file start.cif (mmCIF, C-alpha atoms)
data_structure
#
loop_
_atom_site.group_PDB
_atom_site.id
_atom_site.type_symbol
_atom_site.label_atom_id
_atom_site.label_comp_id
_atom_site.auth_asym_id
_atom_site.auth_seq_id
_atom_site.Cartn_x
_atom_site.Cartn_y
_atom_site.Cartn_z
ATOM 1 C CA MET A 1 -1.185 81.705 -117.054
ATOM 2 C CA THR A 2 1.373 80.908 -114.348
ATOM 3 C CA GLN A 3 -0.069 79.166 -111.306
ATOM 4 C CA ARG A 4 0.643 80.992 -108.073
ATOM 5 C CA THR A 5 2.437 79.266 -105.221
ATOM 6 C CA ILE A 6 0.835 79.321 -101.765
ATOM 7 C CA ALA A 7 2.929 78.528 -98.691
ATOM 8 C CA ILE A 8 0.900 77.373 -95.685
ATOM 9 C CA VAL A 9 2.761 77.607 -92.362
ATOM 10 C CA VAL A 10 1.057 75.534 -89.665
ATOM 11 C CA ASN A 11 1.628 75.698 -85.924
ATOM 12 C CA ALA A 12 0.248 72.367 -84.730
ATOM 13 C CA ARG A 13 0.816 73.431 -81.114
ATOM 14 C CA SER A 14 -1.791 76.198 -81.168
ATOM 15 C CA ALA A 15 -5.029 75.651 -79.249
ATOM 16 C CA ASN A 16 -7.026 74.335 -82.225
ATOM 17 C CA GLY A 17 -4.092 73.378 -84.428
ATOM 18 C CA ARG A 18 -3.754 69.921 -82.909
ATOM 19 C CA ASP A 19 -6.693 68.522 -84.909
ATOM 20 C CA ASP A 20 -5.521 65.491 -86.849
ATOM 21 C CA ASP A 21 -7.670 66.500 -89.813
ATOM 22 C CA LEU A 22 -6.718 70.204 -89.867
ATOM 23 C CA ARG A 23 -4.787 69.943 -93.123
ATOM 24 C CA ALA A 24 -7.577 67.930 -94.736
ATOM 25 C CA ARG A 25 -10.168 70.509 -93.646
ATOM 26 C CA ILE A 26 -8.135 73.343 -95.124
ATOM 27 C CA GLU A 27 -7.531 71.524 -98.405
ATOM 28 C CA ALA A 28 -11.221 70.606 -98.693
ATOM 29 C CA ALA A 29 -12.205 74.269 -98.290
ATOM 30 C CA LEU A 30 -9.864 75.554 -101.017
ATOM 31 C CA PRO A 31 -11.106 75.769 -104.603
ATOM 32 C CA PRO A 32 -9.185 73.645 -107.169
ATOM 33 C CA GLU A 33 -7.875 76.760 -108.905
ATOM 34 C CA ALA A 34 -6.401 78.208 -105.679
ATOM 35 C CA GLY A 35 -2.819 77.450 -106.699
ATOM 36 C CA ARG A 36 0.086 75.142 -105.881
ATOM 37 C CA LEU A 37 0.141 74.406 -102.160
ATOM 38 C CA LEU A 38 3.363 74.039 -100.181
ATOM 39 C CA TRP A 39 2.983 72.935 -96.561
ATOM 40 C CA PHE A 40 5.417 73.996 -93.816
ATOM 41 C CA GLN A 41 5.017 72.591 -90.301
ATOM 42 C CA PRO A 42 7.994 73.061 -87.958
ATOM 43 C CA ARG A 43 8.437 70.279 -85.433
ATOM 44 C CA LYS A 44 9.860 72.669 -82.849
ATOM 45 C CA ALA A 45 8.918 76.254 -82.010
ATOM 46 C CA SER A 46 12.586 77.229 -82.312
ATOM 47 C CA ARG A 47 12.493 76.357 -86.028
ATOM 48 C CA LEU A 48 9.537 78.574 -86.895
ATOM 49 C CA ASP A 49 11.701 81.521 -87.978
ATOM 50 C CA ARG A 50 13.765 79.338 -90.323
ATOM 51 C CA VAL A 51 10.641 77.751 -91.786
ATOM 52 C CA CYS A 52 9.007 81.153 -92.347
ATOM 53 C CA GLN A 53 12.118 82.383 -94.129
ATOM 54 C CA ARG A 54 11.924 79.461 -96.582
ATOM 55 C CA ALA A 55 8.163 79.811 -97.032
ATOM 56 C CA THR A 56 8.261 83.533 -97.836
ATOM 57 C CA THR A 57 11.123 83.015 -100.272
ATOM 58 C CA VAL A 58 9.289 80.540 -102.519
ATOM 59 C CA ALA A 59 5.664 81.687 -102.228
ATOM 60 C CA ASP A 60 3.466 84.303 -103.874
ATOM 61 C CA LEU A 61 1.081 84.186 -100.897
ATOM 62 C CA VAL A 62 1.845 83.043 -97.335
ATOM 63 C CA ILE A 63 -0.890 81.686 -95.066
ATOM 64 C CA ALA A 64 -0.316 81.578 -91.293
ATOM 65 C CA VAL A 65 -2.255 78.827 -89.501
ATOM 66 C CA GLY A 66 -2.037 79.273 -85.749
ATOM 67 C CA GLY A 67 -2.512 81.756 -82.932
ATOM 68 C CA ASP A 68 -1.437 85.390 -82.662
ATOM 69 C CA GLY A 69 2.194 84.481 -81.946
ATOM 70 C CA THR A 70 2.458 82.385 -85.107
ATOM 71 C CA VAL A 71 0.715 85.080 -87.148
ATOM 72 C CA ARG A 72 3.194 87.679 -85.886
ATOM 73 C CA THR A 73 6.239 85.569 -86.799
ATOM 74 C CA VAL A 74 4.955 84.737 -90.287
ATOM 75 C CA ALA A 75 3.977 88.383 -90.829
ATOM 76 C CA GLN A 76 7.474 89.510 -89.834
ATOM 77 C CA HIS A 77 8.992 87.496 -92.686
ATOM 78 C CA ALA A 78 6.190 88.353 -95.137
ATOM 79 C CA ARG A 79 6.797 92.059 -94.549
ATOM 80 C CA ALA A 80 10.548 91.628 -95.067
ATOM 81 C CA ARG A 81 9.983 89.832 -98.399
ATOM 82 C CA GLY A 82 7.115 92.061 -99.545
ATOM 83 C CA LYS A 83 4.712 89.093 -99.718
ATOM 84 C CA PRO A 84 0.974 89.236 -98.895
ATOM 85 C CA LEU A 85 -0.186 87.409 -95.768
ATOM 86 C CA ALA A 86 -3.390 85.466 -95.110
ATOM 87 C CA ILE A 87 -4.542 84.101 -91.752
ATOM 88 C CA ILE A 88 -6.355 80.945 -90.640
ATOM 89 C CA PRO A 89 -6.780 81.467 -86.867
ATOM 90 C CA THR A 90 -6.461 78.397 -84.625
ATOM 91 C CA GLY A 91 -5.223 79.989 -81.400
ATOM 92 C CA THR A 92 -6.821 80.685 -78.028
ATOM 93 C CA TYR A 93 -7.556 84.398 -78.390
ATOM 94 C CA ASN A 94 -7.119 85.156 -82.132
ATOM 95 C CA LEU A 95 -7.129 88.920 -81.508
ATOM 96 C CA VAL A 96 -5.557 89.688 -84.898
ATOM 97 C CA ALA A 97 -8.217 87.780 -86.835
ATOM 98 C CA ARG A 98 -11.042 89.211 -84.748
ATOM 99 C CA HIS A 99 -9.850 92.773 -85.268
ATOM 100 C CA LEU A 100 -9.400 92.331 -89.034
ATOM 101 C CA GLY A 101 -12.769 90.632 -89.516
ATOM 102 C CA ILE A 102 -11.240 87.291 -90.553
ATOM 103 C CA PRO A 103 -13.603 84.345 -89.855
ATOM 104 C CA LEU A 104 -12.721 82.166 -86.869
ATOM 105 C CA ASP A 105 -14.075 79.102 -88.679
ATOM 106 C CA VAL A 106 -11.204 77.231 -90.362
ATOM 107 C CA ALA A 107 -13.032 76.517 -93.634
ATOM 108 C CA GLU A 108 -14.331 80.072 -94.026
ATOM 109 C CA ALA A 109 -10.928 81.571 -93.228
ATOM 110 C CA ALA A 110 -9.252 79.217 -95.728
ATOM 111 C CA ARG A 111 -11.628 80.256 -98.521
ATOM 112 C CA LEU A 112 -11.090 83.953 -97.742
ATOM 113 C CA ALA A 113 -7.311 83.413 -97.742
ATOM 114 C CA VAL A 114 -7.229 82.377 -101.406
ATOM 115 C CA THR A 115 -10.189 84.351 -102.803
ATOM 116 C CA GLY A 116 -9.917 87.617 -100.876
ATOM 117 C CA SER A 117 -7.871 90.717 -101.622
ATOM 118 C CA ALA A 118 -4.713 91.782 -99.805
ATOM 119 C CA ARG A 119 -5.089 95.227 -98.247
ATOM 120 C CA PRO A 120 -2.647 97.549 -96.460
ATOM 121 C CA THR A 121 -2.891 96.736 -92.753
ATOM 122 C CA PRO A 122 -1.569 98.758 -89.808
ATOM 123 C CA CYS A 123 0.848 97.250 -87.306
ATOM 124 C CA GLY A 124 3.295 98.310 -84.654
ATOM 125 C CA ASP A 125 7.062 98.013 -84.856
ATOM 126 C CA ILE A 126 9.533 97.722 -81.987
ATOM 127 C CA ASN A 127 13.243 97.648 -82.861
ATOM 128 C CA GLY A 128 12.376 96.212 -86.283
ATOM 129 C CA LEU A 129 10.010 93.570 -84.894
ATOM 130 C CA LEU A 130 6.414 93.706 -86.079
ATOM 131 C CA PHE A 131 3.486 93.392 -83.681
ATOM 132 C CA PHE A 132 -0.266 93.393 -84.285
ATOM 133 C CA ASN A 133 -1.541 93.428 -80.700
ATOM 134 C CA HIS A 134 0.943 94.739 -78.169
ATOM 135 C CA ALA A 135 4.518 95.274 -77.035
ATOM 136 C CA ALA A 136 4.791 95.431 -73.254
ATOM 137 C CA PHE A 137 7.280 95.057 -70.438
ATOM 138 C CA GLY A 138 7.604 95.338 -66.683
ATOM 139 C CA LEU A 139 4.789 93.776 -64.669
ATOM 140 C CA TYR A 140 3.104 92.628 -67.871
ATOM 141 C CA THR A 141 6.010 90.372 -68.847
ATOM 142 C CA ARG A 142 5.966 88.872 -65.351
ATOM 143 C CA ILE A 143 2.300 87.996 -65.895
ATOM 144 C CA ILE A 144 3.014 86.427 -69.303
ATOM 145 C CA ALA A 145 5.931 84.388 -67.940
ATOM 146 C CA ALA A 146 3.814 83.147 -65.029
ATOM 147 C CA ARG A 147 0.958 82.303 -67.400
ATOM 148 C CA GLU A 148 3.255 80.117 -69.500
ATOM 149 C CA ARG A 149 4.433 78.262 -66.392
ATOM 150 C CA HIS A 150 0.879 77.723 -65.169
ATOM 151 C CA THR A 151 -0.546 76.656 -68.538
ATOM 152 C CA ALA A 152 2.236 74.087 -68.881
ATOM 153 C CA VAL A 153 0.732 72.403 -65.816
ATOM 154 C CA LEU A 154 -2.969 73.325 -65.961
ATOM 155 C CA GLY A 155 -3.517 73.650 -69.699
ATOM 156 C CA ARG A 156 -4.151 76.722 -71.869
ATOM 157 C CA SER A 157 -7.450 78.452 -71.103
ATOM 158 C CA ARG A 158 -8.822 81.908 -70.316
ATOM 159 C CA VAL A 159 -9.534 80.920 -66.714
ATOM 160 C CA THR A 160 -5.924 79.823 -66.186
ATOM 161 C CA ALA A 161 -4.663 83.087 -67.709
ATOM 162 C CA VAL A 162 -6.855 85.235 -65.425
ATOM 163 C CA LEU A 163 -5.992 83.326 -62.242
ATOM 164 C CA SER A 164 -2.303 83.390 -63.160
ATOM 165 C CA GLY A 165 -2.427 87.158 -63.601
ATOM 166 C CA ILE A 166 -4.122 87.685 -60.250
ATOM 167 C CA ALA A 167 -1.543 85.482 -58.506
ATOM 168 C CA THR A 168 1.291 87.500 -60.075
ATOM 169 C CA LEU A 169 -0.135 90.750 -58.694
ATOM 170 C CA PHE A 170 0.472 89.470 -55.180
ATOM 171 C CA ASN A 171 4.182 88.862 -55.832
ATOM 172 C CA ARG A 172 7.022 91.356 -56.138
ATOM 173 C CA TYR A 173 7.146 93.276 -59.389
ATOM 174 C CA PRO A 174 9.703 95.631 -60.948
ATOM 175 C CA ILE A 175 10.165 99.369 -60.628
ATOM 176 C CA LEU A 176 11.347 100.779 -63.965
ATOM 177 C CA LYS A 177 13.281 104.056 -64.255
ATOM 178 C CA LEU A 178 12.096 105.369 -67.610
ATOM 179 C CA ARG A 179 13.111 107.990 -70.121
ATOM 180 C CA LEU A 180 10.375 108.412 -72.758
ATOM 181 C CA THR A 181 10.799 110.629 -75.815
ATOM 182 C CA ALA A 182 7.781 111.347 -78.027
ATOM 183 C CA ASP A 183 6.702 114.344 -80.118
ATOM 184 C CA GLY A 184 10.028 116.035 -79.409
ATOM 185 C CA GLU A 185 9.504 115.955 -75.636
ATOM 186 C CA THR A 186 11.404 113.814 -73.116
ATOM 187 C CA LYS A 187 9.903 112.678 -69.808
ATOM 188 C CA HIS A 188 11.431 110.834 -66.870
ATOM 189 C CA GLY A 189 9.563 108.748 -64.343
ATOM 190 C CA HIS A 190 9.116 105.480 -62.476
ATOM 191 C CA ALA A 191 6.701 102.809 -63.678
ATOM 192 C CA ASN A 192 5.645 99.255 -62.892
ATOM 193 C CA ALA A 193 4.470 98.407 -66.409
ATOM 194 C CA VAL A 194 4.461 99.840 -69.936
ATOM 195 C CA PHE A 195 2.032 98.634 -72.619
ATOM 196 C CA PHE A 196 1.943 99.718 -76.285
ATOM 197 C CA GLY A 197 -1.223 98.550 -78.076
ATOM 198 C CA ALA A 198 -1.614 98.403 -81.864
ATOM 199 C CA ASN A 199 -4.962 96.592 -81.738
ATOM 200 C CA PRO A 200 -8.070 98.279 -80.257
ATOM 201 C CA LEU A 201 -9.356 95.008 -78.753
ATOM 202 C CA PRO A 202 -6.839 94.779 -75.872
ATOM 203 C CA LEU A 203 -6.953 98.581 -75.494
ATOM 204 C CA ALA A 204 -10.742 98.427 -75.106
ATOM 205 C CA ALA A 205 -10.237 96.401 -71.927
ATOM 206 C CA VAL A 206 -8.401 99.455 -70.593
ATOM 207 C CA ASP A 207 -10.655 102.212 -71.909
ATOM 208 C CA ALA A 208 -13.173 101.889 -74.757
ATOM 209 C CA GLU A 209 -13.002 105.552 -75.768
ATOM 210 C CA PHE A 210 -9.200 105.481 -75.826
ATOM 211 C CA ALA A 211 -9.259 102.307 -77.992
ATOM 212 C CA THR A 212 -11.518 104.046 -80.524
ATOM 213 C CA GLN A 213 -9.222 107.069 -80.558
ATOM 214 C CA CYS A 214 -6.206 104.877 -81.423
ATOM 215 C CA ASP A 215 -7.903 102.451 -83.856
ATOM 216 C CA GLY A 216 -6.160 102.697 -87.235
ATOM 217 C CA ARG A 217 -4.434 105.935 -86.228
ATOM 218 C CA ALA A 218 -1.795 105.399 -83.542
ATOM 219 C CA LEU A 219 -0.197 103.195 -80.923
ATOM 220 C CA GLY A 220 -1.945 103.345 -77.574
ATOM 221 C CA LEU A 221 0.491 103.789 -74.671
ATOM 222 C CA VAL A 222 -0.724 102.602 -71.271
ATOM 223 C CA LEU A 223 1.802 103.618 -68.619
ATOM 224 C CA MET A 224 1.365 102.346 -65.056
ATOM 225 C CA ARG A 225 3.226 104.740 -62.793
ATOM 226 C CA HIS A 226 4.865 103.172 -59.757
ATOM 227 C CA GLN A 227 2.269 102.398 -57.092
ATOM 228 C CA GLY A 228 1.515 100.045 -54.225
ATOM 229 C CA ARG A 229 -0.092 96.633 -54.586
ATOM 230 C CA ARG A 230 -3.444 97.886 -53.261
ATOM 231 C CA HIS A 231 -3.669 100.466 -56.039
ATOM 232 C CA VAL A 232 -2.686 97.857 -58.634
ATOM 233 C CA LEU A 233 -5.532 95.588 -57.536
ATOM 234 C CA ALA A 234 -7.969 98.515 -57.537
ATOM 235 C CA ALA A 235 -6.889 99.410 -61.082
ATOM 236 C CA ALA A 236 -7.358 95.778 -62.163
ATOM 237 C CA PHE A 237 -10.988 95.923 -61.033
ATOM 238 C CA LYS A 238 -11.471 99.228 -62.870
ATOM 239 C CA ALA A 239 -10.075 97.574 -66.013
ATOM 240 C CA LEU A 240 -12.745 94.871 -65.766
ATOM 241 C CA PHE A 241 -15.325 97.594 -66.353
ATOM 242 C CA GLY A 242 -13.330 99.481 -69.000
ATOM 243 C CA ARG A 243 -12.598 102.436 -66.708
ATOM 244 C CA LEU A 244 -8.838 102.191 -66.253
ATOM 245 C CA SER A 245 -8.455 105.771 -67.474
ATOM 246 C CA ASP A 246 -10.169 106.843 -64.225
ATOM 247 C CA ALA A 247 -7.239 105.499 -62.217
ATOM 248 C CA PRO A 248 -4.953 108.477 -61.422
ATOM 249 C CA THR A 249 -1.814 106.315 -61.528
ATOM 250 C CA PHE A 250 -2.280 105.424 -65.212
ATOM 251 C CA GLU A 251 -1.429 107.524 -68.252
ATOM 252 C CA LEU A 252 -3.036 106.870 -71.639
ATOM 253 C CA THR A 253 -1.422 108.460 -74.710
ATOM 254 C CA ALA A 254 -1.828 108.001 -78.468
ATOM 255 C CA LEU A 255 1.571 108.017 -80.240
ATOM 256 C CA GLN A 256 2.906 107.668 -83.777
ATOM 257 C CA ASP A 257 6.431 106.880 -82.598
ATOM 258 C CA ALA A 258 8.426 106.868 -79.398
ATOM 259 C CA THR A 259 11.844 106.099 -77.948
ATOM 260 C CA ILE A 260 11.897 104.586 -74.497
ATOM 261 C CA ASP A 261 14.919 103.755 -72.383
ATOM 262 C CA ILE A 262 15.323 102.174 -68.972
ATOM 263 C CA LEU A 263 18.160 103.367 -66.761
ATOM 264 C CA ARG A 264 19.913 100.152 -65.789
ATOM 265 C CA HIS A 265 23.196 98.333 -66.442
ATOM 266 C CA ARG A 266 21.797 95.442 -68.470
ATOM 267 C CA ARG A 267 20.975 96.704 -71.953
ATOM 268 C CA ARG A 268 18.686 93.884 -72.997
ATOM 269 C CA LEU A 269 15.072 93.834 -71.822
ATOM 270 C CA ARG A 270 12.504 91.049 -71.885
ATOM 271 C CA VAL A 271 9.498 92.317 -73.856
ATOM 272 C CA SER A 272 6.161 90.616 -74.476
ATOM 273 C CA ILE A 273 5.441 90.980 -78.200
ATOM 274 C CA ASP A 274 1.985 89.625 -79.051
ATOM 275 C CA GLY A 275 2.294 87.257 -76.094
ATOM 276 C CA GLU A 276 5.799 85.966 -76.879
ATOM 277 C CA LEU A 277 8.721 86.938 -74.644
ATOM 278 C CA ILE A 278 11.610 88.346 -76.698
ATOM 279 C CA LYS A 279 14.788 90.039 -75.475
ATOM 280 C CA CYS A 280 15.213 93.470 -77.070
ATOM 281 C CA ARG A 281 18.147 95.836 -76.901
ATOM 282 C CA LEU A 282 17.666 99.220 -75.209
ATOM 283 C CA PRO A 283 16.673 101.863 -76.053
ATOM 284 C CA LEU A 284 13.404 100.700 -77.616
ATOM 285 C CA GLN A 285 12.312 102.375 -80.837
ATOM 286 C CA LEU A 286 8.558 102.135 -81.510
ATOM 287 C CA GLN A 287 6.577 103.103 -84.582
ATOM 288 C CA TYR A 288 3.024 102.842 -85.868
ATOM 289 C CA GLN A 289 3.110 101.695 -89.509
ATOM 290 C CA THR A 290 -0.026 102.003 -91.630
ATOM 291 C CA GLY A 291 0.907 100.302 -94.897
ATOM 292 C CA ALA A 292 4.051 98.210 -94.437
ATOM 293 C CA LEU A 293 2.174 94.902 -94.702
ATOM 294 C CA GLN A 294 -0.496 93.511 -97.027
ATOM 295 C CA VAL A 295 -3.027 91.190 -95.360
ATOM 296 C CA VAL A 296 -5.888 89.306 -97.011
ATOM 297 C CA ARG A 297 -8.981 90.476 -95.166
ATOM 298 C CA PRO A 298 -12.563 91.570 -95.828
ATOM 299 C CA ASP A 299 -13.292 95.045 -97.067
ATOM 300 C CA PRO A 300 -14.395 97.045 -93.988
ATOM 301 C CA LEU A 301 -17.395 98.366 -95.927
ATOM 302 C CA GLU A 302 -18.411 94.871 -97.034
ATOM 303 C CA SER A 303 -18.038 93.462 -93.508
ATOM 304 C CA LYS A 304 -20.368 96.133 -92.125
ATOM 305 C CA ALA A 305 -22.958 95.774 -94.874
#

call {"tool": "encode", "arguments": {"input": "start.cif", "output": "C-alpha cells"}}
result
Amino acid sequence: MTQRTIAIVVNARSANGRDDDLRARIEAALPPEAGRLLWFQPRKASRLDRVCQRATTVADLVIAVGGDGTVRTVAQHARARGKPLAIIPTGTYNLVARHLGIPLDVAEAARLAVTGSARPTPCGDINGLLFFNHAAFGLYTRIIAARERHTAVLGRSRVTAVLSGIATLFNRYPILKLRLTADGETKHGHANAVFFGANPLPLAAVDAEFATQCDGRALGLVLMRHQGRRHVLAAAFKALFGRLSDAPTFELTALQDATIDILRHRRRLRVSIDGELIKCRLPLQLQYQTGALQVVRPDPLESKA
C-alpha cells in the first residue's frame, strides 16, 4: 500500500505558533502510520503563497498550522488543487476551527487531522478568493488597518483589537457610493461599511437569529448605510448585546451570490478577507459555495452526541 504524503504548512508568526516545541508536539501526537510528513515554514509572510503552491502540489493531505489568515491562504491553494485540508489552530481567534468543531488543543487537532474524514465544507468566494469568515470593506478595513498598526506596538490581544476599533470610530471614515445586484435586482445607495459573513460566529455578534438563518445556507450581508458618528457608536453598543438588527441604519440580508460595485475612479479596492487586507478589482463578485472544499472535521452528529 502506498504511503500518503502529508504537507504541514506552519505559520510561526501566529499567536501560539511561536512555541519552540510546536513541531515536536505535533509529531508526538501523530500515529506512526499517519504518513510521510513534509514540513513547510515560510520565513516571510510574503512567501506563504509560494510555499502553499509547492505543498499542495506534492501532498495528498495539506495541514494548515496557524490562525485564520493562514488557514484561508492554505485553503485557497488546496481548493485549486482539489486536495483535502486539515487545520491545527494556533491563532488568536481561530474562528474557522471553532465553527467547524476542530479542537483548539494542538495535540487533539493534530490527531484529528490525520485520522478524521474530509467533508464538504461551505465557504465564501470573492473574485476567486476563498474566505471562511468574512469579506468586508469601508469602515471595517480602516479598523483592521488600525488594529495592525496598534498590535505592532502593543502586541496582539483582544483588548488591543477592541480599543483600536473604538479609536477608529472617532476618526474620519469613508462614504461609499454602492451599486448592489442580487436576486436579479439592483440597488443604489451610500454606505460606510459592507460586511459579508460566511461564518455564523462573527454574524452572531451582529444578530444571533440572523446568524442562525445564514449558517450553512448563505452569505450574511451586513450593510451600514451612511450615518453620523453618534449613530455608529450607538450601533456598536447594540452589537455588544447582539441587537444590531434593531438599528434602523443597518440592513441584514442572506444572499447566495451578489455583484457589488463602488462608483469611483480607482478600480481597485482594499478588502479585508478573513482579517487580511487584499486589493481586489471592482466590481466584486461574491458567491456562497457549499462543496468546493474538503476539510477534515468532526461529523456534526458525532460532535453533538

call {"tool": "residues_near_point", "arguments": {"input": "start.cif", "point": "(-5.9, 93.9, -79.5)", "cutoff": "8 Å", "atoms": "all atoms listed in the file", "output": "PyMOL selection string"}}
result
chain A and resi 95-96+99+132-134+197-204

call {"tool": "resolve_selection", "arguments": {"input": "start.cif", "expression": "the PyMOL selection byres ((chain A and resi 177-194) around 6)", "output": "ChimeraX atom specification"}}
result
/A:136-139,174-176,195,223-226,258-263

call {"tool": "resolve_selection", "arguments": {"input": "start.cif", "expression": "the PyMOL selection byres ((chain A and resi 6) around 12)", "output": "number ranges by chain"}}
result
A: 3-5, 7-9, 27, 30, 33-40, 55-64, 83-86, 110, 113-114

call {"tool": "atom_distance", "arguments": {"input": "start.cif", "atom1": "atom CA of Glu276 of chain A", "atom2": "atom CA of Val106 of chain A"}}
result
23.4 Å

call {"tool": "residues_around", "arguments": {"input": "start.cif", "residues": "Asn94 of chain A", "least_positions_apart": "6", "cutoff": "8 Å", "atoms": "all atoms listed in the file", "output": "JSON, numbers by chain"}}
result
{"A": [67, 68, 104]}

call {"tool": "closest_residue", "arguments": {"input": "start.cif", "among": "A:Pro298, A:Gly275, A:Gly220, A:Pro283", "to": "Arg98 of chain A", "atoms": "only C-alpha atoms"}}
result
A:Pro298

call {"tool": "atom_distance", "arguments": {"input": "start.cif", "atom1": "atom CA of Pro120 of chain A", "atom2": "atom CA of Leu282 of chain A"}}
result
29.4 Å

call {"tool": "residues_around", "arguments": {"input": "start.cif", "residues": "Leu293 of chain A", "least_positions_apart": "2", "cutoff": "7 Å", "atoms": "all atoms listed in the file", "output": "VMD selection string"}}
result
chain A and resid 79 120 to 121 291 295

call {"tool": "atom_distance", "arguments": {"input": "start.cif", "atom1": "atom CA of Val65 of chain A", "atom2": "atom CA of Ala135 of chain A"}}
result
21.7 Å

call {"tool": "residues_near_point", "arguments": {"input": "start.cif", "point": "(9.8, 103.5, -82.6)", "cutoff": "10 Å", "atoms": "all atoms listed in the file", "output": "NGL selection string"}}
result
:A and (124-128 or 181-182 or 255-260 or 283-289)

call {"tool": "closest_residue", "arguments": {"input": "start.cif", "among": "A:Lys279, A:Arg25, A:Arg217, A:Arg270", "to": "Arg111 of chain A", "atoms": "all atoms listed in the file"}}
result
A:Arg25

call {"tool": "closest_residue", "arguments": {"input": "start.cif", "among": "A:Leu221, A:Cys214, A:Ala292, A:Val10", "to": "Arg23 of chain A", "atoms": "all atoms listed in the file"}}
result
A:Val10

call {"tool": "resolve_selection", "arguments": {"input": "start.cif", "expression": "the PyMOL selection byres ((chain A and resi 48) around 12)", "output": "VMD selection string"}}
result
chain A and resid 9 to 13 40 to 47 49 to 55 64 66 69 to 77

call {"tool": "closest_residue", "arguments": {"input": "start.cif", "among": "A:Leu22, A:Thr290, A:Leu252, A:Arg281", "to": "Ala208 of chain A", "atoms": "only C-alpha atoms"}}
result
A:Leu252
